[in-house]
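Structure file protein-v7.cif with mmCIF, C-alpha atoms:
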data_start
#
loop_
_atom_site.group_PDB
_atom_site.id
_atom_site.type_symbol
_atom_site.label_atom_id
_atom_site.label_comp_id
_atom_site.auth_asym_id
_atom_site.auth_seq_id
_atom_site.Cartn_x
_atom_site.Cartn_y
_atom_site.Cartn_z
ATOM 1 C CA MET E 26 0.000 0.000 0.000
ATOM 2 C CA ASN E 27 1.307 3.369 -0.945
ATOM 3 C CA ASN E 28 2.006 5.515 2.100
ATOM 4 C CA THR E 29 3.157 8.601 0.241
ATOM 5 C CA ALA E 30 0.887 11.522 1.059
ATOM 6 C CA VAL E 31 -0.352 13.692 -1.769
ATOM 7 C CA ARG E 32 0.679 17.289 -1.201
ATOM 8 C CA VAL E 33 -1.701 20.004 -2.259
ATOM 9 C CA PRO E 34 -0.809 23.690 -2.199
ATOM 10 C CA GLU E 35 -2.303 25.678 0.642
ATOM 11 C CA SER E 36 -5.766 26.768 -0.436
ATOM 12 C CA SER E 37 -9.214 27.490 0.894
ATOM 13 C CA LEU E 38 -11.473 24.848 2.395
ATOM 14 C CA ALA E 39 -13.646 24.897 -0.709
ATOM 15 C CA LEU E 40 -10.698 24.203 -3.021
ATOM 16 C CA ARG E 41 -9.419 21.387 -0.839
ATOM 17 C CA PHE E 42 -12.925 19.911 -0.646
ATOM 18 C CA GLY E 43 -13.268 20.050 -4.433
ATOM 19 C CA HIS E 44 -9.818 18.504 -4.911
ATOM 20 C CA ALA E 45 -10.747 15.594 -2.640
ATOM 21 C CA ARG E 46 -14.043 15.020 -4.430
ATOM 22 C CA SER E 47 -12.323 14.923 -7.809
ATOM 23 C CA ARG E 48 -9.746 12.406 -6.570
ATOM 24 C CA LEU E 49 -12.401 10.185 -5.025
ATOM 25 C CA ALA E 50 -14.345 10.089 -8.271
ATOM 26 C CA GLY E 51 -11.702 7.789 -9.745
ATOM 27 C CA ALA E 52 -10.619 5.947 -6.592
ATOM 28 C CA GLN E 53 -13.707 4.014 -5.508
ATOM 29 C CA LYS E 54 -13.750 0.352 -4.558
ATOM 30 C CA PRO E 55 -15.474 -2.223 -6.800
ATOM 31 C CA THR E 56 -19.250 -2.450 -6.422
ATOM 32 C CA ALA E 57 -19.714 -6.147 -7.166
ATOM 33 C CA SER E 58 -21.170 -8.212 -4.283
ATOM 34 C CA VAL E 59 -21.630 -5.117 -2.105
ATOM 35 C CA PRO E 60 -24.885 -4.703 -0.115
ATOM 36 C CA ALA E 61 -27.256 -2.088 -1.472
ATOM 37 C CA TYR E 62 -27.149 0.394 1.414
ATOM 38 C CA LEU E 63 -23.355 0.366 1.540
ATOM 39 C CA ARG E 64 -23.106 0.729 -2.225
ATOM 40 C CA PHE E 65 -25.733 3.370 -2.955
ATOM 41 C CA VAL E 66 -25.931 5.340 0.293
ATOM 42 C CA ASN E 67 -23.120 4.817 2.747
ATOM 43 C CA ARG E 68 -20.176 5.155 0.351
ATOM 44 C CA LYS E 69 -21.611 8.334 -1.123
ATOM 45 C CA ILE E 70 -22.135 9.929 2.287
ATOM 46 C CA GLY E 71 -18.713 8.667 3.335
ATOM 47 C CA GLY E 72 -17.178 10.318 0.271
ATOM 48 C CA VAL E 73 -18.620 13.685 1.266
ATOM 49 C CA LEU E 74 -17.390 13.247 4.841
ATOM 50 C CA ALA E 75 -13.948 12.173 3.593
ATOM 51 C CA ALA E 76 -13.691 15.298 1.442
ATOM 52 C CA ALA E 77 -14.729 17.411 4.421
ATOM 53 C CA GLY E 78 -12.118 15.697 6.568
ATOM 54 C CA TYR E 79 -9.493 16.386 3.923
ATOM 55 C CA ALA E 80 -10.501 20.044 3.796
ATOM 56 C CA LEU E 81 -10.173 20.218 7.598
ATOM 57 C CA ARG E 82 -6.795 18.405 7.433
ATOM 58 C CA LEU E 83 -7.968 15.449 9.494
ATOM 59 C CA THR E 84 -6.104 12.146 9.369
ATOM 60 C CA PRO E 85 -7.771 8.778 8.673
ATOM 61 C CA THR E 86 -7.021 7.692 12.240
ATOM 62 C CA GLN E 87 -8.844 10.721 13.607
ATOM 63 C CA VAL E 88 -11.861 9.890 11.437
ATOM 64 C CA THR E 89 -11.773 6.281 12.680
ATOM 65 C CA LEU E 90 -11.801 7.482 16.287
ATOM 66 C CA LEU E 91 -14.626 9.910 15.489
ATOM 67 C CA SER E 92 -16.634 7.067 13.939
ATOM 68 C CA SER E 93 -16.157 4.993 17.089
ATOM 69 C CA ALA E 94 -17.159 7.886 19.340
ATOM 70 C CA VAL E 95 -20.397 8.529 17.413
ATOM 71 C CA SER E 96 -21.288 4.833 17.296
ATOM 72 C CA PHE E 97 -20.690 4.340 21.003
ATOM 73 C CA ALA E 98 -22.830 7.404 21.701
ATOM 74 C CA GLY E 99 -25.707 5.637 19.951
ATOM 75 C CA ILE E 100 -25.016 2.467 21.944
ATOM 76 C CA ALA E 101 -25.061 4.483 25.170
ATOM 77 C CA VAL E 102 -28.489 5.934 24.286
ATOM 78 C CA LEU E 103 -29.748 2.407 23.630
ATOM 79 C CA ILE E 104 -28.647 1.260 27.085
ATOM 80 C CA LEU E 105 -29.462 4.318 29.173
ATOM 81 C CA HIS E 106 -32.739 5.573 27.662
ATOM 82 C CA ASP E 107 -36.134 3.955 27.605
ATOM 83 C CA ALA E 108 -36.925 2.046 24.409
ATOM 84 C CA THR E 109 -39.158 4.721 22.894
ATOM 85 C CA VAL E 110 -39.607 5.982 19.340
ATOM 86 C CA PRO E 111 -37.481 9.147 19.879
ATOM 87 C CA ALA E 112 -34.736 7.080 21.468
ATOM 88 C CA GLY E 113 -34.833 4.650 18.564
ATOM 89 C CA ILE E 114 -34.527 7.487 16.050
ATOM 90 C CA ALA E 115 -31.537 8.904 17.937
ATOM 91 C CA VAL E 116 -29.859 5.490 18.092
ATOM 92 C CA SER E 117 -30.462 4.899 14.386
ATOM 93 C CA LEU E 118 -29.107 8.281 13.290
ATOM 94 C CA LEU E 119 -25.990 7.990 15.444
ATOM 95 C CA LEU E 120 -25.264 4.475 14.186
ATOM 96 C CA LEU E 121 -25.765 5.530 10.565
ATOM 97 C CA LEU E 122 -23.453 8.517 11.031
ATOM 98 C CA GLY E 123 -20.818 6.292 12.621
ATOM 99 C CA TYR E 124 -21.197 3.856 9.711
ATOM 100 C CA ALA E 125 -20.670 6.644 7.180
ATOM 101 C CA LEU E 126 -17.587 7.856 9.042
ATOM 102 C CA ASP E 127 -16.298 4.285 9.009
ATOM 103 C CA SER E 128 -16.448 4.456 5.214
ATOM 104 C CA ALA E 129 -14.939 7.941 5.193
ATOM 105 C CA ASP E 130 -11.661 6.987 6.901
ATOM 106 C CA GLY E 131 -10.664 4.609 4.088
ATOM 107 C CA GLN E 132 -11.664 7.094 1.403
ATOM 108 C CA LEU E 133 -9.720 9.830 3.153
ATOM 109 C CA ALA E 134 -6.666 7.564 3.181
ATOM 110 C CA ARG E 135 -6.957 7.131 -0.595
ATOM 111 C CA VAL E 136 -7.225 10.877 -1.104
ATOM 112 C CA ARG E 137 -4.060 11.382 0.934
ATOM 113 C CA GLY E 138 -2.188 8.822 -1.146
ATOM 114 C CA GLY E 139 -2.645 5.604 0.821
ATOM 115 C CA GLY E 140 -3.205 4.192 4.280
ATOM 116 C CA SER E 141 -1.035 2.369 6.770
ATOM 117 C CA LYS E 142 -1.000 -1.032 8.452
ATOM 118 C CA ALA E 143 -1.540 0.587 11.843
ATOM 119 C CA GLY E 144 -4.566 2.463 10.526
ATOM 120 C CA GLU E 145 -6.066 -0.645 8.960
ATOM 121 C CA TRP E 146 -5.529 -2.591 12.173
ATOM 122 C CA LEU E 147 -7.203 0.134 14.241
ATOM 123 C CA ASP E 148 -10.152 0.238 11.842
ATOM 124 C CA HIS E 149 -10.779 -3.516 12.135
ATOM 125 C CA VAL E 150 -10.420 -3.508 15.913
ATOM 126 C CA ALA E 151 -12.870 -0.610 16.173
ATOM 127 C CA ASP E 152 -15.349 -2.410 13.895
ATOM 128 C CA ILE E 153 -15.502 -5.576 15.962
ATOM 129 C CA ALA E 154 -15.678 -3.558 19.183
ATOM 130 C CA LYS E 155 -18.650 -1.557 17.879
ATOM 131 C CA ILE E 156 -20.613 -4.515 16.541
ATOM 132 C CA SER E 157 -20.100 -6.676 19.650
ATOM 133 C CA SER E 158 -21.024 -3.767 21.922
ATOM 134 C CA LEU E 159 -24.152 -3.048 19.877
ATOM 135 C CA HIS E 160 -25.552 -6.576 20.211
ATOM 136 C CA SER E 161 -24.699 -6.613 23.904
ATOM 137 C CA ALA E 162 -26.542 -3.309 24.290
ATOM 138 C CA VAL E 163 -29.598 -4.773 22.543
ATOM 139 C CA ALA E 164 -29.669 -7.616 25.057
ATOM 140 C CA ILE E 165 -29.455 -5.111 27.934
ATOM 141 C CA ALA E 166 -32.172 -2.868 26.479
ATOM 142 C CA VAL E 167 -34.501 -5.791 25.828
ATOM 143 C CA LEU E 168 -34.015 -7.030 29.379
ATOM 144 C CA ARG E 169 -34.510 -3.596 30.932
ATOM 145 C CA TYR E 170 -37.264 -1.999 28.873
ATOM 146 C CA PHE E 171 -39.189 -4.747 27.083
ATOM 147 C CA ASP E 172 -42.074 -6.665 28.621
ATOM 148 C CA LEU E 173 -40.836 -10.187 28.017
ATOM 149 C CA ASP E 174 -42.788 -13.350 28.691
ATOM 150 C CA SER E 175 -39.611 -15.426 28.372
ATOM 151 C CA LEU E 176 -35.902 -14.779 28.774
ATOM 152 C CA LEU E 177 -35.288 -16.868 25.660
ATOM 153 C CA TYR E 178 -35.622 -13.653 23.643
ATOM 154 C CA LEU E 179 -32.188 -12.733 24.969
ATOM 155 C CA ALA E 180 -30.733 -15.616 22.967
ATOM 156 C CA VAL E 181 -31.347 -13.676 19.733
ATOM 157 C CA PRO E 182 -28.737 -10.918 20.338
ATOM 158 C CA VAL E 183 -26.313 -13.541 21.664
ATOM 159 C CA ILE E 184 -26.664 -15.642 18.501
ATOM 160 C CA PHE E 185 -26.432 -12.500 16.359
ATOM 161 C CA LEU E 186 -23.200 -11.507 18.119
ATOM 162 C CA VAL E 187 -21.648 -14.961 17.743
ATOM 163 C CA ALA E 188 -22.498 -15.064 14.024
ATOM 164 C CA ASN E 189 -21.056 -11.603 13.381
ATOM 165 C CA ALA E 190 -17.862 -12.217 15.354
ATOM 166 C CA THR E 191 -17.261 -15.677 13.855
ATOM 167 C CA GLN E 192 -17.836 -14.387 10.335
ATOM 168 C CA PHE E 193 -15.529 -11.432 10.916
ATOM 169 C CA PHE E 194 -12.593 -13.389 12.302
ATOM 170 C CA GLY E 195 -13.139 -16.396 10.034
ATOM 171 C CA MET E 196 -12.900 -14.338 6.864
ATOM 172 C CA MET E 197 -9.924 -12.333 8.124
ATOM 173 C CA LEU E 198 -8.041 -15.514 9.035
ATOM 174 C CA ARG E 199 -8.871 -17.059 5.664
ATOM 175 C CA ASP E 200 -7.453 -14.031 3.880
ATOM 176 C CA LYS E 201 -4.313 -14.208 6.023
ATOM 177 C CA LEU E 202 -3.789 -17.914 5.285
ATOM 178 C CA THR E 203 -4.412 -17.683 1.573
ATOM 179 C CA GLY E 204 -2.927 -14.250 0.965
ATOM 180 C CA ALA E 205 -4.428 -11.642 -1.326
ATOM 181 C CA GLY E 206 -6.524 -13.467 -3.866
ATOM 182 C CA ARG E 207 -6.831 -12.609 -7.477
ATOM 183 C CA PRO E 208 -9.706 -10.262 -8.173
ATOM 184 C CA SER E 209 -12.622 -12.008 -9.796
ATOM 185 C CA PRO E 210 -14.164 -10.521 -12.903
ATOM 186 C CA ALA E 211 -17.001 -8.115 -12.203
ATOM 187 C CA PRO E 212 -20.422 -9.606 -12.935
ATOM 188 C CA ALA E 213 -22.951 -8.039 -15.241
ATOM 189 C CA ARG E 214 -24.752 -4.969 -13.969
ATOM 190 C CA SER E 215 -28.079 -6.765 -13.561
ATOM 191 C CA ALA E 216 -26.484 -9.567 -11.538
ATOM 192 C CA SER E 217 -24.567 -7.073 -9.445
ATOM 193 C CA LEU E 218 -27.750 -5.140 -8.630
ATOM 194 C CA LEU E 219 -29.558 -8.355 -7.753
ATOM 195 C CA ILE E 220 -26.773 -9.436 -5.408
ATOM 196 C CA ALA E 221 -26.696 -5.978 -3.842
ATOM 197 C CA PHE E 222 -30.345 -6.223 -2.783
ATOM 198 C CA VAL E 223 -30.090 -9.890 -1.785
ATOM 199 C CA LEU E 224 -27.259 -8.932 0.575
ATOM 200 C CA LEU E 225 -29.212 -5.981 1.998
ATOM 201 C CA PRO E 226 -30.219 -7.811 5.237
ATOM 202 C CA LEU E 227 -26.513 -8.358 5.961
ATOM 203 C CA ASP E 228 -25.661 -4.661 5.715
ATOM 204 C CA HIS E 229 -24.853 -2.821 8.932
ATOM 205 C CA GLY E 230 -27.001 0.005 7.599
ATOM 206 C CA SER E 231 -30.057 -2.271 7.656
ATOM 207 C CA LEU E 232 -29.377 -3.075 11.292
ATOM 208 C CA ALA E 233 -29.063 0.620 12.120
ATOM 209 C CA LEU E 234 -32.340 1.377 10.323
ATOM 210 C CA ALA E 235 -34.118 -1.320 12.353
ATOM 211 C CA PHE E 236 -33.746 0.855 15.456
ATOM 212 C CA LEU E 237 -36.230 3.323 13.953
ATOM 213 C CA VAL E 238 -38.962 0.981 15.245
ATOM 214 C CA LEU E 239 -37.326 0.453 18.638
ATOM 215 C CA GLY E 240 -40.368 2.015 20.333
ATOM 216 C CA VAL E 241 -42.652 -0.668 18.837
ATOM 217 C CA HIS E 242 -41.199 -3.525 20.811
ATOM 218 C CA THR E 243 -42.780 -6.486 19.053
ATOM 219 C CA LEU E 244 -41.987 -5.127 15.577
ATOM 220 C CA PHE E 245 -38.406 -4.393 16.562
ATOM 221 C CA LEU E 246 -37.918 -7.912 17.906
ATOM 222 C CA TRP E 247 -39.220 -9.419 14.654
ATOM 223 C CA CYS E 248 -37.010 -7.188 12.499
ATOM 224 C CA TYR E 249 -33.965 -7.840 14.648
ATOM 225 C CA ALA E 250 -34.581 -11.617 14.669
ATOM 226 C CA LEU E 251 -34.983 -11.664 10.869
ATOM 227 C CA LEU E 252 -31.654 -9.866 10.400
ATOM 228 C CA ALA E 253 -30.055 -12.285 12.861
ATOM 229 C CA LEU E 254 -31.387 -15.285 10.928
ATOM 230 C CA CYS E 255 -30.037 -13.940 7.615
ATOM 231 C CA THR E 256 -26.643 -13.312 9.202
ATOM 232 C CA VAL E 257 -26.475 -16.813 10.665
ATOM 233 C CA LEU E 258 -27.376 -18.479 7.352
ATOM 234 C CA PHE E 259 -24.893 -16.369 5.411
ATOM 235 C CA SER E 260 -22.157 -17.034 7.976
ATOM 236 C CA ILE E 261 -22.680 -20.788 7.720
ATOM 237 C CA ARG E 262 -22.527 -20.634 3.945
ATOM 238 C CA SER E 263 -19.461 -18.396 3.700
ATOM 239 C CA LEU E 264 -17.499 -20.191 6.431
ATOM 240 C CA THR E 265 -18.244 -23.581 4.867
ATOM 241 C CA LYS E 266 -17.089 -22.302 1.498
ATOM 242 C CA ALA E 267 -13.931 -20.872 3.066
ATOM 243 C CA TYR E 268 -13.169 -24.184 4.806
ATOM 244 C CA ARG E 269 -13.574 -26.144 1.570
ATOM 245 C CA GLY E 270 -11.293 -23.705 -0.187
ATOM 246 C CA LEU E 271 -8.609 -24.180 2.462
ATOM 247 C CA LEU E 272 -8.962 -27.983 2.226
ATOM 248 C CA HIS E 273 -8.444 -27.753 -1.518
ATOM 249 C CA ALA E 274 -5.377 -25.584 -0.970
ATOM 250 C CA ASP E 275 -3.992 -28.168 1.487
ATOM 251 C CA ILE E 276 -4.446 -30.943 -1.089
ATOM 252 C CA LEU E 277 -2.607 -28.929 -3.716
ATOM 253 C CA ASP E 278 0.220 -28.176 -1.294
ATOM 254 C CA ALA E 279 0.549 -31.873 -0.351
ATOM 255 C CA GLU E 280 0.838 -33.148 -3.935
ATOM 256 C CA PRO E 281 4.471 -33.949 -4.826
ATOM 257 C CA LEU E 282 5.937 -32.319 -7.863
ATOM 258 C CA THR E 283 6.281 -34.982 -10.599
ATOM 259 C CA PRO E 284 9.386 -34.435 -12.730
ATOM 260 C CA GLN E 285 8.599 -34.121 -16.400
ATOM 261 C CA PRO E 286 10.632 -36.297 -18.823
ATOM 262 C CA VAL E 287 13.009 -34.329 -20.990
ATOM 263 C CA ALA E 288 12.935 -35.321 -24.663
ATOM 264 C CA THR E 289 16.424 -35.764 -26.103
ATOM 265 C CA GLN E 290 17.144 -35.144 -29.731
ATOM 266 C CA PRO E 291 19.815 -37.262 -31.466
ATOM 267 C CA VAL E 292 22.793 -35.284 -32.643
ATOM 268 C CA ALA E 293 24.090 -36.213 -36.072
ATOM 269 C CA THR E 294 27.762 -36.996 -36.313
ATOM 270 C CA GLN E 295 29.514 -34.480 -38.449
ATOM 271 C CA PRO E 296 32.532 -35.662 -40.504
ATOM 272 C CA VAL E 297 35.793 -33.891 -39.744
ATOM 273 C CA VAL E 298 37.272 -32.208 -42.801
ATOM 274 C CA THR E 299 40.983 -31.538 -42.624
ATOM 275 C CA GLN E 300 42.255 -28.434 -44.305
ATOM 276 C CA PRO E 301 45.802 -28.338 -45.710
ATOM 277 C CA VAL E 302 48.185 -25.921 -44.078
ATOM 278 C CA ALA E 303 49.687 -23.441 -46.515
ATOM 279 C CA GLY E 304 53.124 -24.478 -47.651
ATOM 280 C CA GLN E 305 52.823 -27.963 -46.080
ATOM 281 C CA PRO E 306 52.265 -31.059 -48.177
ATOM 282 C CA VAL E 307 49.337 -33.193 -47.176
ATOM 283 C CA ALA E 308 50.284 -36.797 -46.522
ATOM 284 C CA THR E 309 48.079 -39.204 -48.339
ATOM 285 C CA PRO E 310 47.297 -42.325 -46.296
ATOM 286 C CA PRO E 311 48.272 -45.495 -47.953
ATOM 287 C CA SER E 312 45.568 -47.115 -49.959
ATOM 288 C CA ALA E 313 44.029 -50.213 -48.613
ATOM 289 C CA THR E 314 45.016 -51.948 -51.882
ATOM 290 C CA GLN E 315 48.601 -50.766 -51.787
ATOM 291 C CA PRO E 316 51.129 -53.038 -50.137
ATOM 292 C CA VAL E 317 52.854 -51.684 -47.042
ATOM 293 C CA GLY E 318 56.396 -52.848 -46.601
ATOM 294 C CA GLY E 319 55.941 -55.261 -49.447
ATOM 295 C CA GLN E 320 52.986 -57.028 -47.707
ATOM 296 C CA PRO E 321 49.523 -57.017 -49.265
ATOM 297 C CA VAL E 322 46.790 -55.464 -47.127
ATOM 298 C CA ALA E 323 43.341 -56.956 -47.039
ATOM 299 C CA THR E 324 40.661 -54.563 -48.125
ATOM 300 C CA GLN E 325 37.766 -53.607 -45.731
ATOM 301 C CA PRO E 326 34.350 -52.848 -47.090
ATOM 302 C CA ALA E 327 33.219 -49.222 -46.925
ATOM 303 C CA ALA E 328 30.263 -50.059 -44.709
ATOM 304 C CA THR E 329 32.596 -51.674 -42.163
ATOM 305 C CA GLN E 330 34.837 -48.617 -42.140
ATOM 306 C CA SER E 331 31.834 -46.381 -41.437
ATOM 307 C CA VAL E 332 30.760 -48.527 -38.489
ATOM 308 C CA ALA E 333 34.292 -48.530 -37.112
ATOM 309 C CA PHE E 334 34.420 -44.741 -37.362
ATOM 310 C CA GLN E 335 31.115 -44.346 -35.523
ATOM 311 C CA ALA E 336 32.216 -46.764 -32.827
ATOM 312 C CA GLY E 337 35.361 -44.783 -32.243
ATOM 313 C CA GLU E 338 33.425 -41.458 -31.958
ATOM 314 C CA SER E 339 30.976 -43.084 -29.611
ATOM 315 C CA ALA E 340 33.682 -44.247 -27.301
ATOM 316 C CA LEU E 341 35.087 -40.722 -27.096
ATOM 317 C CA SER E 342 31.708 -39.068 -26.703
ATOM 318 C CA PRO E 343 28.948 -41.428 -25.485
ATOM 319 C CA SER E 344 26.298 -38.705 -25.732
ATOM 320 C CA LEU E 345 26.592 -38.838 -29.516
ATOM 321 C CA GLN E 346 25.592 -42.473 -29.834
ATOM 322 C CA GLN E 347 22.947 -43.108 -32.447
ATOM 323 C CA PRO E 348 19.936 -45.230 -31.633
#

Would you put the structure from the file into structure tokens?
Amino acid sequence: MNNTAVRVPESSLALRFGHARSRLAGAQKPTASVPAYLRFVNRKIGGVLAAAGYALRLTPTQVTLLSSAVSFAGIAVLILHDATVPAGIAVSLLLLLGYALDSADGQLARVRGGGSKAGEWLDHVADIAKISSLHSAVAIAVLRYFDLDSLLYLAVPVIFLVANATQFFGMMLRDKLTGAGRPSPAPARSASLLIAFVLLPLDHGSLALAFLVLGVHTLFLWCYALLALCTVLFSIRSLTKAYRGLLHADILDAEPLTPQPVATQPVATQPVVTQPVAGQPVATPPSATQPVGGQPVATQPAATQSVAFQAGESALSPSLQQP
């Protein structure tokens, strides 16, 4: 990740805001498989907040801390105030603002030229702290302010919390074990829109909007339980898929590398041609039919001489043997 900050000449807040907006226009994350609220609402609001933070010379870490502060303010209202309609509206607005700021810190980092490992770590830690605290606060509010006929209703926020936390850490650990995967091709626009609305119940924005009906206790419990059920089913599916992917990776890692046979090409024996040295007579070998020292020499067929020549070359250089 690039950590080099982009320097902009000193200018007015309006110019810095406009500069950030223009940079963000071409630096957005992919939209495939992104829930509808995050894609169409939260990222756009986060972009405006990121540009405002850039104009005010805020750092991404400061925006992350501001997001946590706003979100925990909403959680505090949920715990400390009666479960009424005004309280639910306040909780919902604070959670939605914190969610938008959570998107703004990453966009601000891109405007400034890149983020940091420390900032990314802080962002993830803050996310899991907020979501676990929110479900715990729901359990407290339901116990304190709702007229329950059974304490089994408290199992819903507990299950919701377990599903969220397991999904969060399971996917992060999968990414750490497998490394950064190759980006998959973006689906068609119609498929992407369909997936965006199918994933809407899993969006944190949908959970924040559910608090608008906090004052209508029965309706809130049904909405909250439905979101919990969708999260549990999606977590089971995604974690199972991740486990199968890791099993497949283990099988590939355990397979020994089979050496591939190397095809050898025969090398033709080239005859050696002797060139005469200037000024030196070339000795002519005695003919096989000429007597040497007065003794007749038996002639050898040409084919036999060729075989003898090849045998001699092969003995000197075995790699040149012919099949």

Checklist line | Residue among E:Arg82, E:Arg169, E:Arg48, E:Lys155 lying closest to E:Gly138, counting only C-alpha atoms | finding: E:Arg48

Margin query: Which residue is closest to E:His106? Choose from E:Gly240, E:Gly195, E:Pro281, E:Pro85 and count only C-alpha atoms.
Written below: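 Among the listed residues, E:Gly240 lies closest to E:His106.
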
Checklist line | Point-to-point distance in Å for atom CA of E:Ile100 and atom CA of E:Val163 | finding: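 Result for atom CA of E:Val163 versus atom CA of E:Ile100: 8.6 Å, one decimal.
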
Checklist line | Separation of atom CA of E:Arg41 from atom CA of E:Tyr79, in Å and rounded to one decimal | finding: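 Computing the Euclidean distance for atom CA of E:Arg41 and atom CA of E:Tyr79 yields 6.9 Å.
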
Could you give me, as a PDB file with C-alpha atoms, in the frame of the given file, the residues within 12 Å of E:Arg64, counting only C-alpha atoms and dropping anything in the same chain fewer than 5 positions from it?
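So the final result, stored in around.pdb, reads:
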ATOM      1  CA  GLN E  53     -13.707   4.014  -5.508  1.00  0.00           C
ATOM      2  CA  LYS E  54     -13.750   0.352  -4.558  1.00  0.00           C
ATOM      3  CA  PRO E  55     -15.474  -2.223  -6.800  1.00  0.00           C
ATOM      4  CA  THR E  56     -19.250  -2.450  -6.422  1.00  0.00           C
ATOM      5  CA  ALA E  57     -19.714  -6.147  -7.166  1.00  0.00           C
ATOM      6  CA  SER E  58     -21.170  -8.212  -4.283  1.00  0.00           C
ATOM      7  CA  VAL E  59     -21.630  -5.117  -2.105  1.00  0.00           C
ATOM      8  CA  LYS E  69     -21.611   8.334  -1.123  1.00  0.00           C
ATOM      9  CA  ILE E  70     -22.135   9.929   2.287  1.00  0.00           C
ATOM     10  CA  GLY E  71     -18.713   8.667   3.335  1.00  0.00           C
ATOM     11  CA  GLY E  72     -17.178  10.318   0.271  1.00  0.00           C
ATOM     12  CA  ALA E 125     -20.670   6.644   7.180  1.00  0.00           C
ATOM     13  CA  SER E 128     -16.448   4.456   5.214  1.00  0.00           C
ATOM     14  CA  SER E 217     -24.567  -7.073  -9.445  1.00  0.00           C
ATOM     15  CA  LEU E 218     -27.750  -5.140  -8.630  1.00  0.00           C
ATOM     16  CA  ILE E 220     -26.773  -9.436  -5.408  1.00  0.00           C
ATOM     17  CA  ALA E 221     -26.696  -5.978  -3.842  1.00  0.00           C
ATOM     18  CA  PHE E 222     -30.345  -6.223  -2.783  1.00  0.00           C
ATOM     19  CA  LEU E 224     -27.259  -8.932   0.575  1.00  0.00           C
ATOM     20  CA  LEU E 225     -29.212  -5.981   1.998  1.00  0.00           C
ATOM     21  CA  ASP E 228     -25.661  -4.661   5.715  1.00  0.00           C
ATOM     22  CA  HIS E 229     -24.853  -2.821   8.932  1.00  0.00           C
ATOM     23  CA  GLY E 230     -27.001   0.005   7.599  1.00  0.00           C
TER      24      GLY E 230
END

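Between atom CA of E:Ser117 and atom CA of E:Ala233 there is a distance of 5.0 Å.
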
Notebook entry, point to check: With distances taken over all atoms listed in the file, which of E:Thr243, E:Thr86, E:Ser36, E:Thr265 is nearest to E:Ala151?
Noted result: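 Using all atoms listed in the file, the shortest distance to E:Ala151 belongs to E:Thr86.
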
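For the structure shown here, the set of residues caught by the PyMOL selection byres ((chain E and resi 261) around 12) is Val187, Ala188, Asn189, Thr191, Gln192, Gly195, Met196, Leu254, Cys255, Thr256, Val257, Leu258, Phe259, Ser260, Arg262, Ser263, Leu264, Thr265, Lys266, Ala267 and Tyr268 of chain E.
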
Could you take the residues named above and write them with C-alpha atoms, as a PDB file, keeping the file's coordinate frame?
ATOM      1  CA  VAL E 187     -21.648 -14.961  17.743  1.00  0.00           C
ATOM      2  CA  ALA E 188     -22.498 -15.064  14.024  1.00  0.00           C
ATOM      3  CA  ASN E 189     -21.056 -11.603  13.381  1.00  0.00           C
ATOM      4  CA  THR E 191     -17.261 -15.677  13.855  1.00  0.00           C
ATOM      5  CA  GLN E 192     -17.836 -14.387  10.335  1.00  0.00           C
ATOM      6  CA  GLY E 195     -13.139 -16.396  10.034  1.00  0.00           C
ATOM      7  CA  MET E 196     -12.900 -14.338   6.864  1.00  0.00           C
ATOM      8  CA  LEU E 254     -31.387 -15.285  10.928  1.00  0.00           C
ATOM      9  CA  CYS E 255     -30.037 -13.940   7.615  1.00  0.00           C
ATOM     10  CA  THR E 256     -26.643 -13.312   9.202  1.00  0.00           C
ATOM     11  CA  VAL E 257     -26.475 -16.813  10.665  1.00  0.00           C
ATOM     12  CA  LEU E 258     -27.376 -18.479   7.352  1.00  0.00           C
ATOM     13  CA  PHE E 259     -24.893 -16.369   5.411  1.00  0.00           C
ATOM     14  CA  SER E 260     -22.157 -17.034   7.976  1.00  0.00           C
ATOM     15  CA  ARG E 262     -22.527 -20.634   3.945  1.00  0.00           C
ATOM     16  CA  SER E 263     -19.461 -18.396   3.700  1.00  0.00           C
ATOM     17  CA  LEU E 264     -17.499 -20.191   6.431  1.00  0.00           C
ATOM     18  CA  THR E 265     -18.244 -23.581   4.867  1.00  0.00           C
ATOM     19  CA  LYS E 266     -17.089 -22.302   1.498  1.00  0.00           C
ATOM     20  CA  ALA E 267     -13.931 -20.872   3.066  1.00  0.00           C
ATOM     21  CA  TYR E 268     -13.169 -24.184   4.806  1.00  0.00           C
TER      22      TYR E 268
END

Next item on the list: Find, counting only C-alpha atoms, the residue in E:Leu271, E:Met197, E:Ala101, E:Leu234 that gets nearest to E:Leu121.
Entry: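 Of all the options, E:Leu234 lies closest to E:Leu121.
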
Note to self: Taking the file as I've supplied it (selection: the PyMOL selection byres ((chain E and resi 115) around 9)), which residues are included? Please answer as a PyMOL selection string.
What the structure shows: chain E and resi 99+102-103+110-114+116-120+236-237

All file atoms of stretch 128-132 of chain E boxed axis-aligned, 4 Å per side, centre plus edges, as AutoDock Vina command-line options:
--center_x -13.6 --center_y 6.2 --center_z 4.2 --size_x 13.8 --size_y 11.5 --size_z 13.5

Notebook entry, point to check: Between E:Val88, E:Ala129, E:Leu81, E:Ile153, which is the closest to E:Ala190 once you count all atoms listed in the file?
Noted result: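 Once distances to E:Ala190 are computed over all atoms listed in the file, the minimum belongs to E:Ile153.
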
Next item on the list: Name every residue that the PyMOL selection byres ((chain E and resi 123) around 8) selects in this structure, writing the answer as number ranges by chain with chains first and numbers rising.
Entry: E: 91-96, 119-122, 124-127

Next item on the list: Find the residues near E:Gly51: any atom within 12 Å, counting all atoms listed in the file, skip ones fewer than 6 places away on the same chain, and give them as number ranges by chain.
Entry: E: 44-45, 72, 132, 135-136

Note to self: Restricting the calculation to only C-alpha atoms: of E:Leu246, E:Thr203, E:Glu280, E:Trp146, which residue gets closest to E:Ala164?
What the structure shows: E:Leu246
